[in-house]
Structures are given as structure tokens and as C-alpha cells.
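Asker: Questions regarding the structure given below will be posed in turn.
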Amino acid sequence: MKPIVRKFVLLPGVIFVAIGIAVGLSQLKPEPEKKEIGRPDLLVEVLSLQASSERFRIQSQGTVRPRTQTAVSAEVSGAIISLSPKFVAGGIFEKNEVLMRIDPTNYSVAVKRADALVKQRQIEFDGASKLRSQGYRAESEHASAAAALAAAEADLVGAKRDLERTYIRLPYEGMVLSKEADVGQFVNPGTMLGVTFATDRAEVRLPLTDRDLAFVEMPRASAANASGFAKGPNATLTATQKGRSEEWPAQVVRSEGVVDERSRVTYVVAEVVDPYRLHTAGTPLPIGTFVSAEIGGSELVDVVRVPRSALRGSDQVLVVSSGNTIEIRTVDVIRADGKYAYVGGGIVAGERITTTAIETPTNGMSVRTSDMLNDENADEKSADSNGAGDDAQIASSAEND
């Protein structure tokens with residue numbers, strides 16, 4: 001056979017023989033074992049619920065206002081001849097301190113005239129009494145003299161009262177909010193002189209919803225006595241002053257007793273004693289400060305506390321049964337804050353809920369829990385340790401042989 005023919009015949013033959021051998025060997029190899037791969041259940045975190053007693057704190061806010069505020073007006077006419085240096089906006093004055101003086105000249109003269117008239121009427125009355133006792137005057141003349149004396153005495157009282165009214169005083173310790181008159185100004189009765197308020201107590205109106213009122217133990221209006229309203233729960237007021245958060249103790253003293261028609265809330269009033277700290281230590285609480293309030297609420301027992309993140313919507317939780325299946329359950333949420341929801345019905349202590357967010361949960365959905373995973377890991381570690389012990393025992397036996 002020629003070399004060229006041999007080349008074109010033998011080379012393809014070798015290739016076909018190699019392919020045939022490879023196919024034969026692949027047929028002799030056993031097929032790999034088939035194993036079905038199932039979709040694993042979703043792994044979730046679970047929380048076992050417990051019952052507890054909870055005392056709620058009710059949040060509100062409001063503006064500090066004076067409990068006693070007075071629009072100071074003139075009671076007599078005249079020119080203002082003196083003014084206290086404390087009678088300026090922000091000035092603090094004592095009880096019954098003279099803040100302003102109206103010219104008393106006319107009223108001093110009126111007192112002297114009334115006093116002189118009283119003395120004259122007294123003389124006339126004494127003379128009428130003496131003559132009546134001697135039988136020279138009738139009873140009617142004596143009565144007329146007595147009436148004239150009484151009228152003169154009443155005029156004297158009025159004149160002295162008008163003279164006293166030239167002194168502008170207030171029956172409480174307080175602060176001037178605004179000044180409306182000054183020295184040299186002529187005023188008439190009713191002329192506005194300024195606005196003041198008492199510093200012994202301040203008040204804050206706090207709006208509460210009907211749901212909030214369910215947890216605030218407010219005294220009834222009928223419980224008020226001669227000393228004022230019965231005391232309600234304690235409160236804490238908070239505000240930022242000079243870049244720092246400050247707190248002041250307060251007490252709810254009454255409810256305004258009506259529901260606001262626009263906002264549908266009820267206002268309760270919290271009282272702060274000595275807000276300007278004139279007689280006690282601490283940071284002053286100025287009138288007009290906007291404060292946040294935290295009111296002590298009532299205590300509820302056997303309440304189940306659920307993390308707020310575990311709620312679906314506003315009133316649903318995912319309960320994990322003993323068979324590790326999901327149950328969507330509606331619960332009675334009594335109250336909720338930023339961290340927890342407090343449940344009074346629909347779930348009991350000892351049940352488990354999932355805290356893992358599930359996009360589309362369904363009733364009966366099978367899940368794996370974190371405690372199951374921990375048990376599986378523990379079993380695997382136990383099996384590995386047993387296998388290692390067996391290998392060590394075999395190796396030891398081989399050495400002994």
C-alpha cells in the first residue's frame with residue numbers, strides 16, 4: 001500500500017476506534033443516584049409572650065399660662081405722680097407693694113371735709129338727743145339728726161376709700177407683664193394701667209383624647225371642696241432651655257369638663273407651684289414656655305406586651321403553633337407606644353409569635369424556628385463528636401494490633 005493511501009485510511013480508523021472505546025467505557029459507568037431537593041421552610045425568630053402589669057404614661061403638650069392674671073385699671077381720676085421702678089415688664093413685686101400713686105390732693109381735701117361734716121352732724125345729733133330727753137324736740141327731729149350723722153359718716157368712709165385708691169397695689173406677689181401708663185399721665189376710672197400675674201402658681205392646659213382619658217384617674221368635679229379641686233395624677237413637664245432639657249414637677253388638678261368641638265379632645269389642667277423659683281431651688285419655668293408633659297396613668301394587670309415591629313397593620317400578629325405553623329390572629333391592642341403594643345385580648349401568655357417580617361404569610365404556613373435550628377446544630381455537633389471518637393478508637397485498635 002502506498003504511503004499516501006495508508007495515511008488517509010489508517011488515521012480515520014484510529015480516530016473511530018478511540019471514539020468507540022470512550023463510548024463503551026461511558027456505558028459501563030453507573031448512573032449517579034437521583035435525590036429530590038425540597039424547598040426548605042422559612043426560618044423565623046420567635047418570641048414567647050409573658051403577662052405583666054403595666055403603668056402607662058400619657059403624653060401631651062401645652063403652653064405655660066399664669067393661674068391669676070390681672071388687668072390693672074385706675075379706680076379714681078388724677079395724674080400719676082409716682083411709679084415704682086418694679087412696674088416694668090418683667091418686674092417682680094411683693095404683695096400689697098405700692099406700684100403707682102395717683103395725685104391724692106383732691107381726695108385728701110374730700111376726707112377733711114367729710115370729717116368736719118361728721119363732727120358737725122355729731123354735735124347736732126347730741127343736741128337733738130338732749131332736747132328730746134327734756135321734752136323740747138319731737139321724735140322725728142331726733143331721727144332726722146341721726147340720719148344726717150349716718151350719711152356724713154358714710155361720706156367719710158367713701159372719701160377715705162377714694163384716698164386709699166390713689167395707691168395702686170395688688171393682693172399677691174407677682175410679675176408685671178406689660179405697662180400701659182407712666183408718670184404724668186392723667187387717668188380716669190377704668191383707664192388701663194398695665195397687666196400683671198401672680199407667680200405663686202402657673203397652669204398648663206393639656207389636650208387628651210378619649211383613649212388617653214381611659215388611663216388617667218381624674219377626680220370628679222363633685223369632689224371639689226372649699227379649698228379647691230381634688231388633686232389628680234402627678235405629671236412631669238419637659239422643655240429645652242439654653243440648649244439643655246429641663247424638667248419640672250406638676251400635678252393635674254382638674255378637667256375643663258367639655259369636649260372641644262373642633263379637635264374632639266378634652267383639656268386637663270396641670271399646676272406648677274412657684275414656677276419662677278422665687279422661694280425654691282431649681283430652674284425657673286417662664287410663662288409662655290411650650291412644654292411636653294408626661295402624665296402618670298393607671299395600672300393594668302395581665303397585659304401582654306408585644307414588640308411594635310411584630311404587629312401587622314394595627315391589630316394582627318403571626319402566632320407560631322406547637323407544630324410550627326403560622327396563624328394570623330387579630331388581637332385587642334389597648335395602647336401602643338414607639339416600642340411596644342400592649343394587648344388585652346386575642347392572645348395569652350405562653351404563646352409564641354414571630355418577630356420576623358413575612359411578606360405574604362398564610363394560615364397553616366410551615367416555618368422553621370430559631371430554636372429548631374439550634375437543636376439541629378447541636379445534633380450535628382454530637383454526631384461529629386461521636387464519629388471522631390469512633391475513628392480514634394479504630395486507630396487505637398490498629399496500633400495495638
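Identifiers in this document derive from the order of the C-alpha cells: chains are assigned A, B, ..., residues are numbered from 1 separately in each chain, and ligands are numbered from 1 in order of occurrence.
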Do you know which residues are at most 10 Å from Ser73 in chain A counting only C-alpha atoms, after dropping those on the same chain fewer than 6 positions away, and could you put them as a PyMOL selection string?

Answerer: chain A and resi 168+180-181+187-195

Asker: Please save N, CA and C atoms of the selected residues as a PDB file, in the first residue's frame.

Answerer:
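Just written: again38.pdb:
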ATOM      1  N   ILE A 168     -51.853 102.285  93.995  1.00  0.00           N
ATOM      2  CA  ILE A 168     -52.095 101.105  93.157  1.00  0.00           C
ATOM      3  C   ILE A 168     -51.321  99.942  93.755  1.00  0.00           C
ATOM      4  N   GLU A 180     -48.872 100.043  80.779  1.00  0.00           N
ATOM      5  CA  GLU A 180     -49.680 100.827  79.843  1.00  0.00           C
ATOM      6  C   GLU A 180     -49.767 102.303  80.222  1.00  0.00           C
ATOM      7  N   ALA A 181     -49.209 102.726  81.349  1.00  0.00           N
ATOM      8  CA  ALA A 181     -49.277 104.125  81.789  1.00  0.00           C
ATOM      9  C   ALA A 181     -47.952 104.511  82.407  1.00  0.00           C
ATOM     10  N   VAL A 187     -55.301 109.958  84.309  1.00  0.00           N
ATOM     11  CA  VAL A 187     -56.117 108.765  84.107  1.00  0.00           C
ATOM     12  C   VAL A 187     -57.497 108.992  84.705  1.00  0.00           C
ATOM     13  N   ASN A 188     -58.444 108.280  84.168  1.00  0.00           N
ATOM     14  CA  ASN A 188     -59.809 108.270  84.663  1.00  0.00           C
ATOM     15  C   ASN A 188     -60.143 106.883  85.176  1.00  0.00           C
ATOM     16  N   PRO A 189     -61.213 106.748  85.951  1.00  0.00           N
ATOM     17  CA  PRO A 189     -61.622 105.410  86.382  1.00  0.00           C
ATOM     18  C   PRO A 189     -61.824 104.483  85.183  1.00  0.00           C
ATOM     19  N   GLY A 190     -61.187 103.315  85.221  1.00  0.00           N
ATOM     20  CA  GLY A 190     -61.269 102.351  84.131  1.00  0.00           C
ATOM     21  C   GLY A 190     -60.109 102.413  83.165  1.00  0.00           C
ATOM     22  N   THR A 191     -59.239 103.432  83.277  1.00  0.00           N
ATOM     23  CA  THR A 191     -58.083 103.517  82.383  1.00  0.00           C
ATOM     24  C   THR A 191     -57.118 102.361  82.654  1.00  0.00           C
ATOM     25  N   MET A 192     -56.697 101.674  81.591  1.00  0.00           N
ATOM     26  CA  MET A 192     -55.756 100.557  81.732  1.00  0.00           C
ATOM     27  C   MET A 192     -54.385 101.075  82.151  1.00  0.00           C
ATOM     28  N   LEU A 193     -53.848 100.492  83.234  1.00  0.00           N
ATOM     29  CA  LEU A 193     -52.527 100.876  83.727  1.00  0.00           C
ATOM     30  C   LEU A 193     -51.462  99.833  83.391  1.00  0.00           C
ATOM     31  N   GLY A 194     -51.857  98.593  83.254  1.00  0.00           N
ATOM     32  CA  GLY A 194     -50.903  97.525  82.955  1.00  0.00           C
ATOM     33  C   GLY A 194     -51.527  96.163  83.185  1.00  0.00           C
ATOM     34  N   VAL A 195     -50.735  95.108  82.945  1.00  0.00           N
ATOM     35  CA  VAL A 195     -51.187  93.727  83.149  1.00  0.00           C
ATOM     36  C   VAL A 195     -50.158  93.026  84.028  1.00  0.00           C
TER      37      VAL A 195
END

Asker: May I have all residues of range 15-148 of chain A that DSSP, computed from the backbone, assigns to helix (DSSP H, G or I), given as a VMD selection string?

Answerer: chain A and resid 15 to 28 105 to 134 139 to 148

Asker: Export C-alpha atoms of the chosen residues as a PDB file, in the first residue's frame?

Answerer:
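And here's out.pdb as it stands now:
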ATOM      1  CA  ILE A  15      -9.984   8.057  15.495  1.00  0.00           C
ATOM      2  CA  PHE A  16     -13.151   5.918  15.126  1.00  0.00           C
ATOM      3  CA  VAL A  17     -11.668   3.153  17.308  1.00  0.00           C
ATOM      4  CA  ALA A  18     -10.854   5.689  20.077  1.00  0.00           C
ATOM      5  CA  ILE A  19     -14.378   7.093  19.969  1.00  0.00           C
ATOM      6  CA  GLY A  20     -15.855   3.609  20.208  1.00  0.00           C
ATOM      7  CA  ILE A  21     -13.712   2.780  23.243  1.00  0.00           C
ATOM      8  CA  ALA A  22     -14.761   6.026  25.006  1.00  0.00           C
ATOM      9  CA  VAL A  23     -18.465   5.344  24.385  1.00  0.00           C
ATOM     10  CA  GLY A  24     -18.096   1.819  25.680  1.00  0.00           C
ATOM     11  CA  LEU A  25     -16.407   2.956  28.868  1.00  0.00           C
ATOM     12  CA  SER A  26     -19.118   5.578  29.490  1.00  0.00           C
ATOM     13  CA  GLN A  27     -21.807   2.909  29.210  1.00  0.00           C
ATOM     14  CA  LEU A  28     -20.056   0.824  31.832  1.00  0.00           C
ATOM     15  CA  THR A 105     -54.684 116.212  96.753  1.00  0.00           C
ATOM     16  CA  ASN A 106     -58.382 116.331  95.895  1.00  0.00           C
ATOM     17  CA  TYR A 107     -59.076 113.168  97.835  1.00  0.00           C
ATOM     18  CA  SER A 108     -57.240 114.401 100.947  1.00  0.00           C
ATOM     19  CA  VAL A 109     -59.364 117.546 100.858  1.00  0.00           C
ATOM     20  CA  ALA A 110     -62.508 115.446 100.477  1.00  0.00           C
ATOM     21  CA  VAL A 111     -61.547 113.418 103.558  1.00  0.00           C
ATOM     22  CA  LYS A 112     -61.067 116.564 105.639  1.00  0.00           C
ATOM     23  CA  ARG A 113     -64.423 117.969 104.514  1.00  0.00           C
ATOM     24  CA  ALA A 114     -66.188 114.708 105.253  1.00  0.00           C
ATOM     25  CA  ASP A 115     -64.527 114.524 108.662  1.00  0.00           C
ATOM     26  CA  ALA A 116     -65.593 118.063 109.501  1.00  0.00           C
ATOM     27  CA  LEU A 117     -69.150 117.343 108.413  1.00  0.00           C
ATOM     28  CA  VAL A 118     -69.237 114.258 110.604  1.00  0.00           C
ATOM     29  CA  LYS A 119     -68.198 116.352 113.627  1.00  0.00           C
ATOM     30  CA  GLN A 120     -70.880 118.921 112.836  1.00  0.00           C
ATOM     31  CA  ARG A 121     -73.579 116.268 112.456  1.00  0.00           C
ATOM     32  CA  GLN A 122     -72.422 114.674 115.685  1.00  0.00           C
ATOM     33  CA  ILE A 123     -72.919 117.950 117.564  1.00  0.00           C
ATOM     34  CA  GLU A 124     -76.384 118.371 116.036  1.00  0.00           C
ATOM     35  CA  PHE A 125     -77.316 114.830 116.943  1.00  0.00           C
ATOM     36  CA  ASP A 126     -76.116 115.245 120.529  1.00  0.00           C
ATOM     37  CA  GLY A 127     -78.149 118.476 120.884  1.00  0.00           C
ATOM     38  CA  ALA A 128     -81.283 116.857 119.460  1.00  0.00           C
ATOM     39  CA  SER A 129     -80.865 113.932 121.843  1.00  0.00           C
ATOM     40  CA  LYS A 130     -80.548 116.281 124.836  1.00  0.00           C
ATOM     41  CA  LEU A 131     -83.592 118.371 123.861  1.00  0.00           C
ATOM     42  CA  ARG A 132     -85.633 115.239 123.231  1.00  0.00           C
ATOM     43  CA  SER A 133     -84.823 113.985 126.691  1.00  0.00           C
ATOM     44  CA  GLN A 134     -86.085 117.298 128.116  1.00  0.00           C
ATOM     45  CA  GLU A 139     -89.017 112.196 117.897  1.00  0.00           C
ATOM     46  CA  SER A 140     -88.950 112.960 114.180  1.00  0.00           C
ATOM     47  CA  GLU A 141     -86.403 115.745 114.629  1.00  0.00           C
ATOM     48  CA  HIS A 142     -84.143 113.396 116.603  1.00  0.00           C
ATOM     49  CA  ALA A 143     -84.417 110.755 113.893  1.00  0.00           C
ATOM     50  CA  SER A 144     -83.555 113.320 111.211  1.00  0.00           C
ATOM     51  CA  ALA A 145     -80.404 114.319 113.105  1.00  0.00           C
ATOM     52  CA  ALA A 146     -79.420 110.655 113.448  1.00  0.00           C
ATOM     53  CA  ALA A 147     -79.870 110.098 109.712  1.00  0.00           C
ATOM     54  CA  ALA A 148     -77.760 113.143 108.853  1.00  0.00           C
TER      55      ALA A 148
END

Asker: Quick check for you: according to DSSP on this backbone, which residues of range 148-319 of chain A are classed as strand (DSSP E)? Reply as an NGL selection string.

Answerer: :A and (167-168 or 174-179 or 186-187 or 192-198 or 201-208 or 234-241 or 244-259 or 266-273 or 290-307 or 316-319)

Asker: Please produce a file of the residues just selected, as a CSV table (one decimal), in the first residue's frame, where the atoms kept are C-alpha atoms.

Answerer:
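Final output, again_8.csv:
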chain,number,residue,atom,x,y,z
A,167,TYR,CA,-52.3,103.8,95.8
A,168,ILE,CA,-52.1,101.1,93.2
A,174,GLY,CA,-46.3,88.7,91.1
A,175,MET,CA,-44.7,90.0,88.0
A,176,VAL,CA,-45.6,92.8,85.5
A,177,LEU,CA,-46.5,91.5,82.1
A,178,SER,CA,-47.0,94.9,80.5
A,179,LYS,CA,-47.0,98.6,81.4
A,186,PHE,CA,-53.8,111.7,83.6
A,187,VAL,CA,-56.1,108.8,84.1
A,192,MET,CA,-55.8,100.6,81.7
A,193,LEU,CA,-52.5,100.9,83.7
A,194,GLY,CA,-50.9,97.5,83.0
A,195,VAL,CA,-51.2,93.7,83.1
A,196,THR,CA,-49.8,91.6,86.0
A,197,PHE,CA,-49.9,88.0,87.1
A,198,ALA,CA,-49.3,86.0,90.3
A,201,ARG,CA,-48.6,79.1,90.6
A,202,ALA,CA,-48.8,78.5,86.9
A,203,GLU,CA,-51.0,76.3,84.8
A,204,VAL,CA,-50.7,74.2,81.6
A,205,ARG,CA,-53.7,73.2,79.5
A,206,LEU,CA,-53.1,69.6,78.2
A,207,PRO,CA,-55.2,68.1,75.4
A,208,LEU,CA,-56.1,64.4,75.9
A,234,ASN,CA,-48.7,63.7,89.0
A,235,ALA,CA,-47.1,65.0,85.8
A,236,THR,CA,-43.7,65.9,84.6
A,237,LEU,CA,-43.1,68.9,82.3
A,238,THR,CA,-40.1,69.0,80.0
A,239,ALA,CA,-38.7,71.8,77.9
A,240,THR,CA,-35.4,72.9,76.4
A,241,GLN,CA,-33.8,75.9,78.0
A,244,ARG,CA,-30.5,71.7,77.8
A,245,SER,CA,-33.5,69.6,78.6
A,246,GLU,CA,-35.1,70.6,81.9
A,247,GLU,CA,-37.9,69.1,83.9
A,248,TRP,CA,-40.5,70.5,86.4
A,249,PRO,CA,-42.9,68.5,88.6
A,250,ALA,CA,-46.6,69.3,88.2
A,251,GLN,CA,-49.9,67.9,89.2
A,252,VAL,CA,-53.2,67.6,87.3
A,253,VAL,CA,-55.8,69.5,89.3
A,254,ARG,CA,-58.9,69.5,87.2
A,255,SER,CA,-60.5,68.8,83.9
A,256,GLU,CA,-62.2,71.5,82.0
A,257,GLY,CA,-65.2,69.2,81.6
A,258,VAL,CA,-66.1,69.8,78.0
A,259,VAL,CA,-65.0,68.3,74.7
A,266,THR,CA,-60.7,67.2,76.4
A,267,TYR,CA,-58.4,69.6,78.2
A,268,VAL,CA,-57.0,68.9,81.6
A,269,VAL,CA,-55.1,71.4,83.7
A,270,ALA,CA,-51.7,70.7,85.3
A,271,GLU,CA,-50.5,73.1,88.0
A,272,VAL,CA,-46.9,74.1,88.8
A,273,VAL,CA,-46.0,75.6,92.2
A,290,PHE,CA,-44.1,75.4,75.4
A,291,VAL,CA,-43.6,72.2,77.3
A,292,SER,CA,-44.1,68.5,76.8
A,293,ALA,CA,-46.0,66.7,79.5
A,294,GLU,CA,-46.0,63.1,80.8
A,295,ILE,CA,-48.9,62.2,83.0
A,296,GLY,CA,-48.9,59.2,85.3
A,297,GLY,CA,-51.6,56.8,84.2
A,298,SER,CA,-53.5,54.0,85.8
A,299,GLU,CA,-52.1,50.5,86.2
A,300,LEU,CA,-53.4,47.5,84.2
A,301,VAL,CA,-52.7,43.9,85.2
A,302,ASP,CA,-52.3,40.8,83.0
A,303,VAL,CA,-51.3,42.8,79.9
A,304,VAL,CA,-49.3,41.1,77.2
A,305,ARG,CA,-46.5,43.3,75.8
A,306,VAL,CA,-45.7,42.7,72.1
A,307,PRO,CA,-42.9,44.4,70.1
A,316,GLN,CA,-52.7,41.5,63.9
A,317,VAL,CA,-49.8,39.2,64.9
A,318,LEU,CA,-48.4,35.9,63.5
A,319,VAL,CA,-48.8,33.2,66.1

Asker: If you measure from CA of Pro233 in chain A to CA of Phe215 in chain A, what distance in Å do you get, rounded to one decimal?

Answerer: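 Between CA of Pro233 in chain A and CA of Phe215 in chain A the gap is 10.6 Å.
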
Asker: By how many Å are CA of Leu213 in chain A and CA of Glu261 in chain A apart?

Answerer: 16.8 Å

Asker: Which one of A:Ser48, A:Leu163, A:Ser53, A:Thr369 sits closest to Gly344 in chain A if you count only C-alpha atoms?

Answerer: A:Ser53
